[in-house]
Amino acid sequence: MTTALNGGGRPPGALPGTLVVEWSAGRPGAYAGKLLRGLGAEVVLLEPPAGGRDAALGPGPIPTHDAELAARIRFLHGGKQSLTFDPADARSREIAGAVLARADILLLQRPLAEAEHAAMRPEDLAARWPNLIVVTMTLAGLRGEQRYWRQSDLVAHAIGGTAFATPARVPDPATYPPLKPGGYQADYTTGLTAANAALLGLQLRRRTGAGQLIDVSAQATLASYMRMDVAYRTYGMGDAMNISGLSRQSLTGRPSTIWGLVPCKDGYFAFQATEQYQWDGLMRMMGDPAWAKDSRFQDPVERAARWDEIEPHFVGWFADRTKRDIFHAGQAEHVPVFPCFNVEELVRDEQQVARAFFVDLPADDGARLIKVPGAVVHLERTPWQPSFDPPAPGEHTEALAQRFAAVGAP
Amino acid sequence: MTLPLEGVRVADFSWVIAGPYATEFLALLGAEVIKIESSVHTDVNRRLPPMADGIAGPERSGLWQGLNLNKKSVTLNLLKPEAQALAREIVSHCDIAIENFSFGQLEKFNLGYEDLKQVRPDLIMVTSSGLGRTGPYRAYVTFGPPMTAYTGLASLTGQDGGPPERWVGGLWSDHQAAVTSLFGLLAALEHRDRTGEGQLVEYSMVEAIAGQLPDALIELAATGEVPGPIGNRDRGMCPHGIYPAAGDDRWVAIAVQDDADWRRLKQAIPGVAWWADADLDTAAGRLARRAEIEATLEAWTRARDPFDIAGLLRSHGIGAGVVATVEDLLEDPALRDRGFFLTQDHPEVGSREIAGLGFDMPAMAGLPVRHAPLLGEHNWEIFVEWLGMEPERFGELVANEVIV
């Protein structure tokens with residue numbers, strides 16, 4: 001069977017005919033819904049009658065609030081439908097129930113206390129509609145009291161381990177706090193994990209004929225990235241806590257590879273030389289300096305342990321060279337060397353322009369286009385289905401009510 | 001209990017971290033994953049620490065084993081045509097093939113997508129590289145850690161106003177690439193199951209990381225200023241940060257996300273008279289006096305146990321948590337309750353715990369965990385018992401260093 005073209009001449013995505021209901025209060029749920037919609041699923045947002053997008057996605061009291069909120073909504077909710085959902089209203093409950101009765105997937109990312117008050121306890125929903133795949137996104141899972149813990153990108157990084165693991169070679173632990181990665185990585189990664197979990201739910205339903213309640217924990221999602229750090233403990237090499245081989249408190253430790261972020265003429269560049277041939281390439285790039293012949297720098301592990309001695313040589317040699325020159329010179333020697341870009345530099349980078357990864361999102365003022373990420377994966381036969389056209393709140397309520405009316409009340 | 005991917009077979013040509021983590025995910029969830037490796041040029045992670053109890057060896061790396069649970073291992077010298085033919089035969093019995101070699105390497109082994117489609121027309125092939133398979137830099141070599149610099153993530157990570165951070169925790173780039181590849185792979189599997197049609201799934205590590213930076217790009221467009229590190233602060237929330245607690249290098253994260261949270265914080269920490277000022281009732285007012293608020297909060301947290309602080313603030317409905325060390329993760333009740341850690345019983349290193357997955361479901365109760373395979377542990381099973389190779393032929397191929 002071959003893929004048919006849809007009405008617009010573009011092949012459909014991987015999930016045509018899949019109905020997803022999203023009841024979210026932030027990025028994790030909104031991003032999971034965006035990802036499934038990009039695969040061609042039909043995504044229906046449950047939205048409160050009084051609005052709520054600002055509380056969920058707004059950047060806060062800053063001068064550019066309105067413009068940034070509008071763009072975030074376009075990015076996250078483009079192509080979705082909006083159904084007003086008021087748990088206190090019987091007809092609203094009836095319509096939502098009718099949609100859920102036909103849905104394949106429910107993405108639920110609301111405070112659990114609110115969900116329970118609205119008779120939307122996930123366990124009950126999974127029991128009521130046994131074919132439904134219910135995917136919850138919480139800070140620390142559905143078990144015990146933690147199901148009620150307030151969600152937060154920052155707190156997820158804290159309790160998931162990535163904040164403590166982020167700074168390396170901390171100059172003074174007492175004054176240098178752990179760091180969350182920039183942006184909202186915990187939120188988006190939780191959403192991506194939820195989208196994967198939903199796709200797994202479809203696979204499981206195909207095998208068993210039944211839906212499933214899938215419990216996505218932001219904490220566990222981030223802790224799953226800590227495989228190597230956990231292994232350092234459970235394999236008995238506990239005083240080295242990440243690939244740098246350097247615990248927060250120690251400038252030595254047990255390094256596994258030599259890498260770094262080094263200042264240069266116009267910023268920084270990053271490199272990693274795990275294999276001997278990569279180190280050799282790096283030295284050729286630097287003109288085979290005499291200091292590199294020192295017997296202390298010949299063994300890879302010892303070399304990594306002596307980075308503090310090597311680093312000044314790097315800083316001196318690269319001080320007059322630009323990060324782009326270093327990038328291409330290092331790559332010519334087959335060494336993983338990269339410039340440290342800000343987001344503006346990345347968007348303009350020749351490789352990204354050639355790949356057309358960043359796409360144009362129209363700003364609400366109609367006068368500008370904003371470059372934002374496009375498809376994160378490329379599927380040869382079921383391409384990404386882009387949309388930056390979000391629904392007005394409640395826009396599809398009546399149409400959805402009519403369409404699903406025959407199903408009846410939940 | 002039926003697992004989601006039972007009956008799915010995977011030919012795993014991947015190595016290092018991103019590919020192996022993705023295929024471990026598949027193996028844990030029921031897929032039969034055959035790792036095609038080589039003792040001639042082993043996966044670099046078999047040689048990297050942590051080594052069990054500090055003793056080096058190809059069967060002792062916690063990094064490698066933590067990424068390869070539940071898989072089967074065959075060893076082939078893919079430089080030899082007979083080995084390439086055997087790899088193609090394995091793929092002919094598989095639903096999915098996955099690789100993350102440098103650009104063009106698998107094609108040199110006659111194992112590219114066009115080659116493999118000939119033996120398995122409905123194959124799903126997942127191919128990745130650091131920068132993508134198209135574009136002027138497609139052949140550039142990568143490792144995960146430097147990619148946080150290239151993608152702009154490092155430029156957004158760091159203390160407020162400080163330099164970019166050299167390291168993002170959790171081998172961020174590699175894991176992010178793995179989870180992104182799974183999204184494409186699972187979508188392609190869904191399409192294959194519906195239509196019978198396989199396809200090529202391609203992604204790059206750069207796009208997997210930069211795909212999660214829309215807010216910085218929107219900020220750039222709206223303000224005209226290039227975003228930089230703001231530490232643990234938030235542009236619209238206050239207080240929002242990581243604060244010192246009692247103990248050696250102990251910290252607690254506190255996120256006051258709206259005005260109601262601020263009222264709760266005042267109830268949780270009574271006695272700060274000036275916090276009653278009306279201008280602090282809005283986020284704008286608090287942001288204007290952020291330094292004062294943070295200093296007071298820090299003085300309060302510094303004298304207290306981080307677990308007590310987190311418990312108190314949570315009891316008031318505020319987002320808070322201890323900044324977990326690895327020891328904290330291993331003892332964390334929430335992670336323990338959900339059976340997050342997986343225990344393998346390995347023939348060389350014994351019983352060791354490995355970090356698990358980010359989600360849970362009833363179908364994963366009692367998730368079977370098999371030890372990460374020894375090099376070539378399943379050669380006989382796969383080549384003789386599965387593919388029906390004559391034992392004499394198997395012996396010849398071992399002697400000729402094809403199976404090696």
# chains A, B, ... in the order shown; residues from 1 in each chain; ligands from 1
>>> residues_around(residues="stretch 13-16 of chain A", least_positions_apart="6", cutoff="9 Å", atoms="only C-alpha atoms", output="PDB file with C-alpha atoms, in the first residue's frame")
ATOM      1  CA  LEU A  36       1.384  14.837  17.523  1.00  0.00           C
ATOM      2  CA  ARG A  37      -0.364  17.469  15.428  1.00  0.00           C
ATOM      3  CA  GLY A  38       2.756  17.816  13.343  1.00  0.00           C
ATOM      4  CA  LEU A  39       2.462  14.105  12.567  1.00  0.00           C
ATOM      5  CA  GLY A  40      -1.001  14.733  11.191  1.00  0.00           C
ATOM      6  CA  ALA A  41      -3.163  13.941  14.218  1.00  0.00           C
ATOM      7  CA  GLU A  42      -6.264  16.001  14.919  1.00  0.00           C
ATOM      8  CA  LEU A 379      10.144  11.372   7.715  1.00  0.00           C
ATOM      9  CA  ARG A 381       7.044   9.512   3.271  1.00  0.00           C
ATOM     10  CA  THR A 382       5.009  11.156   6.001  1.00  0.00           C
ATOM     11  CA  PRO A 383       6.377  14.680   6.211  1.00  0.00           C
ATOM     12  CA  TRP A 384       5.851  17.129   9.024  1.00  0.00           C
ATOM     13  CA  GLN A 385       2.533  18.992   8.824  1.00  0.00           C
TER      14      GLN A 385
ATOM     15  CA  ALA B 187       5.833   7.655  14.099  1.00  0.00           C
ATOM     16  CA  ALA B 188       7.298   5.680  11.204  1.00  0.00           C
ATOM     17  CA  LEU B 189       6.389   2.424  12.926  1.00  0.00           C
ATOM     18  CA  GLU B 190       2.815   3.609  13.299  1.00  0.00           C
ATOM     19  CA  HIS B 191       2.701   4.475   9.599  1.00  0.00           C
ATOM     20  CA  ARG B 192       4.235   1.113   8.655  1.00  0.00           C
ATOM     21  CA  ARG B 194      -1.173   1.176   9.113  1.00  0.00           C
TER      22      ARG B 194
END
>>> select_by_dssp(residues="stretch 165-301 of chain A", states="alpha helix (DSSP H)", output="ChimeraX atom specification")
/A:165,185-208,218-223,227-234,276-285,300-301
>>> atom_distance(atom1="atom CA of B:Asp279", atom2="atom CA of B:Gly317")
22.4 Å
>>> atom_distance(atom1="atom CA of A:Asn196", atom2="atom CA of A:Arg27")
15.7 Å
>>> residues_around(residues="B:Ala221", least_positions_apart="4", cutoff="10 Å", atoms="only C-alpha atoms", output="list of chain:residue names")
A:Thr64, A:Ala67, A:Glu68, A:Ala71, A:Glu344, A:Ala363, A:Arg368, A:Leu369, A:Ile370, A:Lys371, A:Val372, B:Asp215, B:Ala216, B:Leu217, B:Glu225, B:Val226
>>> write_last_selection(atoms="N, CA, C and O atoms", output="PDB file, in the first residue's frame")
ATOM      1  N   THR A  64       7.523  43.306  26.261  1.00  0.00           N
ATOM      2  CA  THR A  64       7.201  42.589  25.022  1.00  0.00           C
ATOM      3  C   THR A  64       6.265  41.404  25.267  1.00  0.00           C
ATOM      4  O   THR A  64       6.186  40.490  24.455  1.00  0.00           O
ATOM      5  N   ALA A  67       3.575  40.435  22.406  1.00  0.00           N
ATOM      6  CA  ALA A  67       4.169  39.905  21.171  1.00  0.00           C
ATOM      7  C   ALA A  67       4.735  38.513  21.404  1.00  0.00           C
ATOM      8  O   ALA A  67       4.583  37.614  20.564  1.00  0.00           O
ATOM      9  N   GLU A  68       5.394  38.323  22.529  1.00  0.00           N
ATOM     10  CA  GLU A  68       5.999  37.010  22.795  1.00  0.00           C
ATOM     11  C   GLU A  68       4.931  35.954  23.069  1.00  0.00           C
ATOM     12  O   GLU A  68       5.038  34.814  22.596  1.00  0.00           O
ATOM     13  N   ALA A  71       3.348  34.879  19.779  1.00  0.00           N
ATOM     14  CA  ALA A  71       4.223  34.008  18.982  1.00  0.00           C
ATOM     15  C   ALA A  71       4.332  32.611  19.604  1.00  0.00           C
ATOM     16  O   ALA A  71       4.351  31.605  18.894  1.00  0.00           O
ATOM     17  N   GLU A 344      21.071  33.743  17.556  1.00  0.00           N
ATOM     18  CA  GLU A 344      21.037  34.520  16.309  1.00  0.00           C
ATOM     19  C   GLU A 344      22.088  33.996  15.332  1.00  0.00           C
ATOM     20  O   GLU A 344      21.833  33.851  14.128  1.00  0.00           O
ATOM     21  N   ALA A 363       4.578  37.017  12.807  1.00  0.00           N
ATOM     22  CA  ALA A 363       4.245  37.746  14.026  1.00  0.00           C
ATOM     23  C   ALA A 363       2.830  38.304  13.899  1.00  0.00           C
ATOM     24  O   ALA A 363       2.327  38.517  12.794  1.00  0.00           O
ATOM     25  N   ARG A 368       6.256  41.132  10.377  1.00  0.00           N
ATOM     26  CA  ARG A 368       7.529  40.450  10.566  1.00  0.00           C
ATOM     27  C   ARG A 368       7.364  38.942  10.518  1.00  0.00           C
ATOM     28  O   ARG A 368       6.278  38.411  10.754  1.00  0.00           O
ATOM     29  N   LEU A 369       8.451  38.291  10.220  1.00  0.00           N
ATOM     30  CA  LEU A 369       8.515  36.847  10.318  1.00  0.00           C
ATOM     31  C   LEU A 369       9.561  36.496  11.360  1.00  0.00           C
ATOM     32  O   LEU A 369      10.640  37.093  11.396  1.00  0.00           O
ATOM     33  N   ILE A 370       9.238  35.532  12.224  1.00  0.00           N
ATOM     34  CA  ILE A 370      10.152  35.128  13.288  1.00  0.00           C
ATOM     35  C   ILE A 370      10.662  33.735  12.951  1.00  0.00           C
ATOM     36  O   ILE A 370       9.882  32.823  12.691  1.00  0.00           O
ATOM     37  N   LYS A 371      11.979  33.595  12.956  1.00  0.00           N
ATOM     38  CA  LYS A 371      12.555  32.271  12.726  1.00  0.00           C
ATOM     39  C   LYS A 371      12.382  31.413  13.984  1.00  0.00           C
ATOM     40  O   LYS A 371      12.809  31.811  15.074  1.00  0.00           O
ATOM     41  N   VAL A 372      11.766  30.252  13.803  1.00  0.00           N
ATOM     42  CA  VAL A 372      11.586  29.313  14.913  1.00  0.00           C
ATOM     43  C   VAL A 372      11.938  27.915  14.409  1.00  0.00           C
ATOM     44  O   VAL A 372      11.999  27.677  13.194  1.00  0.00           O
TER      45      VAL A 372
ATOM     46  N   ASP B 215      11.613  29.789  22.485  1.00  0.00           N
ATOM     47  CA  ASP B 215      11.354  30.988  23.290  1.00  0.00           C
ATOM     48  C   ASP B 215      12.482  32.005  23.154  1.00  0.00           C
ATOM     49  O   ASP B 215      12.236  33.205  23.135  1.00  0.00           O
ATOM     50  N   ALA B 216      13.728  31.514  23.053  1.00  0.00           N
ATOM     51  CA  ALA B 216      14.852  32.436  22.897  1.00  0.00           C
ATOM     52  C   ALA B 216      14.780  33.150  21.548  1.00  0.00           C
ATOM     53  O   ALA B 216      15.105  34.343  21.443  1.00  0.00           O
ATOM     54  N   LEU B 217      14.353  32.427  20.522  1.00  0.00           N
ATOM     55  CA  LEU B 217      14.243  33.050  19.198  1.00  0.00           C
ATOM     56  C   LEU B 217      13.107  34.068  19.159  1.00  0.00           C
ATOM     57  O   LEU B 217      13.216  35.121  18.522  1.00  0.00           O
ATOM     58  N   GLU B 225      17.200  42.023  21.129  1.00  0.00           N
ATOM     59  CA  GLU B 225      18.425  41.752  21.882  1.00  0.00           C
ATOM     60  C   GLU B 225      18.677  40.251  21.914  1.00  0.00           C
ATOM     61  O   GLU B 225      17.739  39.463  22.091  1.00  0.00           O
ATOM     62  N   VAL B 226      19.938  39.882  21.767  1.00  0.00           N
ATOM     63  CA  VAL B 226      20.299  38.469  21.774  1.00  0.00           C
ATOM     64  C   VAL B 226      20.246  37.946  23.208  1.00  0.00           C
ATOM     65  O   VAL B 226      20.937  38.476  24.080  1.00  0.00           O
TER      66      VAL B 226
END
>>> atom_distance(atom1="atom CA of A:Gln352", atom2="atom CA of B:Leu131")
8.7 Å
>>> residues_around(residues="stretch 365-372 of chain B", least_positions_apart="3", cutoff="7 Å", atoms="only C-alpha atoms", output="ChimeraX atom specification")
/B:65,68-71,344-346,362
>>> residues_around(residues="A:Ala55", least_positions_apart="3", cutoff="12 Å", atoms="only C-alpha atoms", output="list in words")
Ser24, Ala25, Gly26, Arg27, Pro48, Ala50, Gly51, Gly52, Gly58, Pro59, Gly60, Pro61, His65, Leu69 and Ile73 of chain A; Gly236, Met237, Gln257, Asp258, Asp259 and Ala260 of chain B
>>> select_by_dssp(residues="stretch 41-193 of chain B", states="strand (DSSP E or B)", output="number ranges by chain")
B: 51, 61, 72-76, 96-99, 124-129
>>> decode(residues="stretch 161-203 of chain A", atoms="N, CA and C atoms", output="PDB file, in the first residue's frame")
ATOM      1  N   GLY A 161      18.129  16.025  38.846  1.00  0.00           N
ATOM      2  CA  GLY A 161      19.579  15.845  38.872  1.00  0.00           C
ATOM      3  C   GLY A 161      20.343  16.673  37.855  1.00  0.00           C
ATOM      4  N   THR A 162      19.688  17.215  36.853  1.00  0.00           N
ATOM      5  CA  THR A 162      20.421  17.919  35.804  1.00  0.00           C
ATOM      6  C   THR A 162      20.948  19.279  36.269  1.00  0.00           C
ATOM      7  N   ALA A 163      20.311  19.896  37.259  1.00  0.00           N
ATOM      8  CA  ALA A 163      20.805  21.190  37.742  1.00  0.00           C
ATOM      9  C   ALA A 163      22.144  21.019  38.464  1.00  0.00           C
ATOM     10  N   PHE A 164      22.220  20.022  39.347  1.00  0.00           N
ATOM     11  CA  PHE A 164      23.474  19.831  40.071  1.00  0.00           C
ATOM     12  C   PHE A 164      24.587  19.423  39.114  1.00  0.00           C
ATOM     13  N   ALA A 165      24.225  18.689  38.074  1.00  0.00           N
ATOM     14  CA  ALA A 165      25.238  18.171  37.148  1.00  0.00           C
ATOM     15  C   ALA A 165      25.652  19.191  36.094  1.00  0.00           C
ATOM     16  N   THR A 166      24.968  20.301  35.987  1.00  0.00           N
ATOM     17  CA  THR A 166      25.250  21.205  34.870  1.00  0.00           C
ATOM     18  C   THR A 166      26.566  21.978  34.984  1.00  0.00           C
ATOM     19  N   PRO A 167      26.858  22.679  36.025  1.00  0.00           N
ATOM     20  CA  PRO A 167      28.160  23.371  35.974  1.00  0.00           C
ATOM     21  C   PRO A 167      29.292  22.361  36.158  1.00  0.00           C
ATOM     22  N   ALA A 168      30.328  22.516  35.406  1.00  0.00           N
ATOM     23  CA  ALA A 168      31.524  21.695  35.593  1.00  0.00           C
ATOM     24  C   ALA A 168      32.687  22.628  35.925  1.00  0.00           C
ATOM     25  N   ARG A 169      33.656  22.122  36.663  1.00  0.00           N
ATOM     26  CA  ARG A 169      34.805  22.911  37.077  1.00  0.00           C
ATOM     27  C   ARG A 169      34.351  24.196  37.773  1.00  0.00           C
ATOM     28  N   VAL A 170      33.527  23.990  38.765  1.00  0.00           N
ATOM     29  CA  VAL A 170      32.999  25.132  39.498  1.00  0.00           C
ATOM     30  C   VAL A 170      34.115  25.805  40.280  1.00  0.00           C
ATOM     31  N   PRO A 171      34.319  27.097  40.106  1.00  0.00           N
ATOM     32  CA  PRO A 171      35.433  27.756  40.793  1.00  0.00           C
ATOM     33  C   PRO A 171      35.284  27.741  42.304  1.00  0.00           C
ATOM     34  N   ASP A 172      34.072  27.980  42.797  1.00  0.00           N
ATOM     35  CA  ASP A 172      33.851  27.975  44.242  1.00  0.00           C
ATOM     36  C   ASP A 172      32.429  27.485  44.490  1.00  0.00           C
ATOM     37  N   PRO A 173      32.284  26.228  44.899  1.00  0.00           N
ATOM     38  CA  PRO A 173      30.934  25.682  45.079  1.00  0.00           C
ATOM     39  C   PRO A 173      30.071  26.507  46.015  1.00  0.00           C
ATOM     40  N   ALA A 174      30.686  27.176  46.977  1.00  0.00           N
ATOM     41  CA  ALA A 174      29.893  27.930  47.952  1.00  0.00           C
ATOM     42  C   ALA A 174      29.175  29.113  47.315  1.00  0.00           C
ATOM     43  N   THR A 175      29.739  29.645  46.256  1.00  0.00           N
ATOM     44  CA  THR A 175      29.147  30.843  45.658  1.00  0.00           C
ATOM     45  C   THR A 175      28.646  30.605  44.229  1.00  0.00           C
ATOM     46  N   TYR A 176      28.758  29.388  43.752  1.00  0.00           N
ATOM     47  CA  TYR A 176      28.398  29.106  42.365  1.00  0.00           C
ATOM     48  C   TYR A 176      27.271  28.078  42.369  1.00  0.00           C
ATOM     49  N   PRO A 177      26.025  28.525  42.365  1.00  0.00           N
ATOM     50  CA  PRO A 177      24.920  27.568  42.508  1.00  0.00           C
ATOM     51  C   PRO A 177      24.796  26.640  41.314  1.00  0.00           C
ATOM     52  N   PRO A 178      24.181  25.490  41.538  1.00  0.00           N
ATOM     53  CA  PRO A 178      23.827  24.641  40.410  1.00  0.00           C
ATOM     54  C   PRO A 178      22.961  25.423  39.427  1.00  0.00           C
ATOM     55  N   LEU A 179      22.895  24.934  38.209  1.00  0.00           N
ATOM     56  CA  LEU A 179      22.219  25.695  37.152  1.00  0.00           C
ATOM     57  C   LEU A 179      21.193  24.849  36.405  1.00  0.00           C
ATOM     58  N   LYS A 180      20.095  25.471  36.090  1.00  0.00           N
ATOM     59  CA  LYS A 180      19.223  24.799  35.136  1.00  0.00           C
ATOM     60  C   LYS A 180      19.710  25.151  33.727  1.00  0.00           C
ATOM     61  N   PRO A 181      19.613  24.233  32.774  1.00  0.00           N
ATOM     62  CA  PRO A 181      19.956  24.588  31.392  1.00  0.00           C
ATOM     63  C   PRO A 181      19.059  25.719  30.903  1.00  0.00           C
ATOM     64  N   GLY A 182      19.564  26.511  29.974  1.00  0.00           N
ATOM     65  CA  GLY A 182      18.831  27.681  29.505  1.00  0.00           C
ATOM     66  C   GLY A 182      17.520  27.339  28.823  1.00  0.00           C
ATOM     67  N   GLY A 183      16.606  28.301  28.844  1.00  0.00           N
ATOM     68  CA  GLY A 183      15.293  28.093  28.229  1.00  0.00           C
ATOM     69  C   GLY A 183      14.418  27.233  29.110  1.00  0.00           C
ATOM     70  N   TYR A 184      13.646  26.375  28.479  1.00  0.00           N
ATOM     71  CA  TYR A 184      12.679  25.546  29.214  1.00  0.00           C
ATOM     72  C   TYR A 184      12.861  24.088  28.808  1.00  0.00           C
ATOM     73  N   GLN A 185      14.077  23.597  29.032  1.00  0.00           N
ATOM     74  CA  GLN A 185      14.404  22.261  28.530  1.00  0.00           C
ATOM     75  C   GLN A 185      13.607  21.165  29.222  1.00  0.00           C
ATOM     76  N   ALA A 186      13.380  21.313  30.520  1.00  0.00           N
ATOM     77  CA  ALA A 186      12.616  20.271  31.220  1.00  0.00           C
ATOM     78  C   ALA A 186      11.195  20.195  30.663  1.00  0.00           C
ATOM     79  N   ASP A 187      10.604  21.345  30.435  1.00  0.00           N
ATOM     80  CA  ASP A 187       9.227  21.367  29.912  1.00  0.00           C
ATOM     81  C   ASP A 187       9.157  20.695  28.541  1.00  0.00           C
ATOM     82  N   TYR A 188      10.045  21.089  27.648  1.00  0.00           N
ATOM     83  CA  TYR A 188       9.958  20.546  26.285  1.00  0.00           C
ATOM     84  C   TYR A 188      10.321  19.061  26.253  1.00  0.00           C
ATOM     85  N   THR A 189      11.319  18.691  27.037  1.00  0.00           N
ATOM     86  CA  THR A 189      11.709  17.276  27.031  1.00  0.00           C
ATOM     87  C   THR A 189      10.606  16.407  27.632  1.00  0.00           C
ATOM     88  N   THR A 190       9.926  16.934  28.634  1.00  0.00           N
ATOM     89  CA  THR A 190       8.786  16.193  29.188  1.00  0.00           C
ATOM     90  C   THR A 190       7.689  16.049  28.129  1.00  0.00           C
ATOM     91  N   GLY A 191       7.452  17.111  27.379  1.00  0.00           N
ATOM     92  CA  GLY A 191       6.454  17.036  26.307  1.00  0.00           C
ATOM     93  C   GLY A 191       6.849  16.043  25.224  1.00  0.00           C
ATOM     94  N   LEU A 192       8.126  16.056  24.856  1.00  0.00           N
ATOM     95  CA  LEU A 192       8.600  15.109  23.846  1.00  0.00           C
ATOM     96  C   LEU A 192       8.463  13.671  24.346  1.00  0.00           C
ATOM     97  N   THR A 193       8.802  13.471  25.606  1.00  0.00           N
ATOM     98  CA  THR A 193       8.655  12.132  26.190  1.00  0.00           C
ATOM     99  C   THR A 193       7.189  11.704  26.212  1.00  0.00           C
ATOM    100  N   ALA A 194       6.304  12.646  26.489  1.00  0.00           N
ATOM    101  CA  ALA A 194       4.873  12.330  26.488  1.00  0.00           C
ATOM    102  C   ALA A 194       4.390  11.967  25.083  1.00  0.00           C
ATOM    103  N   ALA A 195       4.890  12.666  24.077  1.00  0.00           N
ATOM    104  CA  ALA A 195       4.517  12.321  22.699  1.00  0.00           C
ATOM    105  C   ALA A 195       4.998  10.912  22.360  1.00  0.00           C
ATOM    106  N   ASN A 196       6.219  10.590  22.763  1.00  0.00           N
ATOM    107  CA  ASN A 196       6.719   9.229  22.539  1.00  0.00           C
ATOM    108  C   ASN A 196       5.870   8.211  23.287  1.00  0.00           C
ATOM    109  N   ALA A 197       5.498   8.544  24.515  1.00  0.00           N
ATOM    110  CA  ALA A 197       4.684   7.624  25.307  1.00  0.00           C
ATOM    111  C   ALA A 197       3.328   7.399  24.633  1.00  0.00           C
ATOM    112  N   ALA A 198       2.768   8.453  24.059  1.00  0.00           N
ATOM    113  CA  ALA A 198       1.486   8.313  23.361  1.00  0.00           C
ATOM    114  C   ALA A 198       1.630   7.380  22.157  1.00  0.00           C
ATOM    115  N   LEU A 199       2.727   7.521  21.426  1.00  0.00           N
ATOM    116  CA  LEU A 199       2.958   6.635  20.272  1.00  0.00           C
ATOM    117  C   LEU A 199       3.168   5.194  20.733  1.00  0.00           C
ATOM    118  N   LEU A 200       3.826   5.017  21.867  1.00  0.00           N
ATOM    119  CA  LEU A 200       3.954   3.667  22.424  1.00  0.00           C
ATOM    120  C   LEU A 200       2.585   3.127  22.821  1.00  0.00           C
ATOM    121  N   GLY A 201       1.748   4.014  23.347  1.00  0.00           N
ATOM    122  CA  GLY A 201       0.392   3.592  23.715  1.00  0.00           C
ATOM    123  C   GLY A 201      -0.376   3.074  22.511  1.00  0.00           C
ATOM    124  N   LEU A 202      -0.191   3.710  21.360  1.00  0.00           N
ATOM    125  CA  LEU A 202      -0.848   3.217  20.134  1.00  0.00           C
ATOM    126  C   LEU A 202      -0.323   1.824  19.775  1.00  0.00           C
ATOM    127  N   GLN A 203       0.980   1.629  19.931  1.00  0.00           N
ATOM    128  CA  GLN A 203       1.556   0.312  19.641  1.00  0.00           C
ATOM    129  C   GLN A 203       0.984  -0.743  20.584  1.00  0.00           C
TER     130      GLN A 203
END
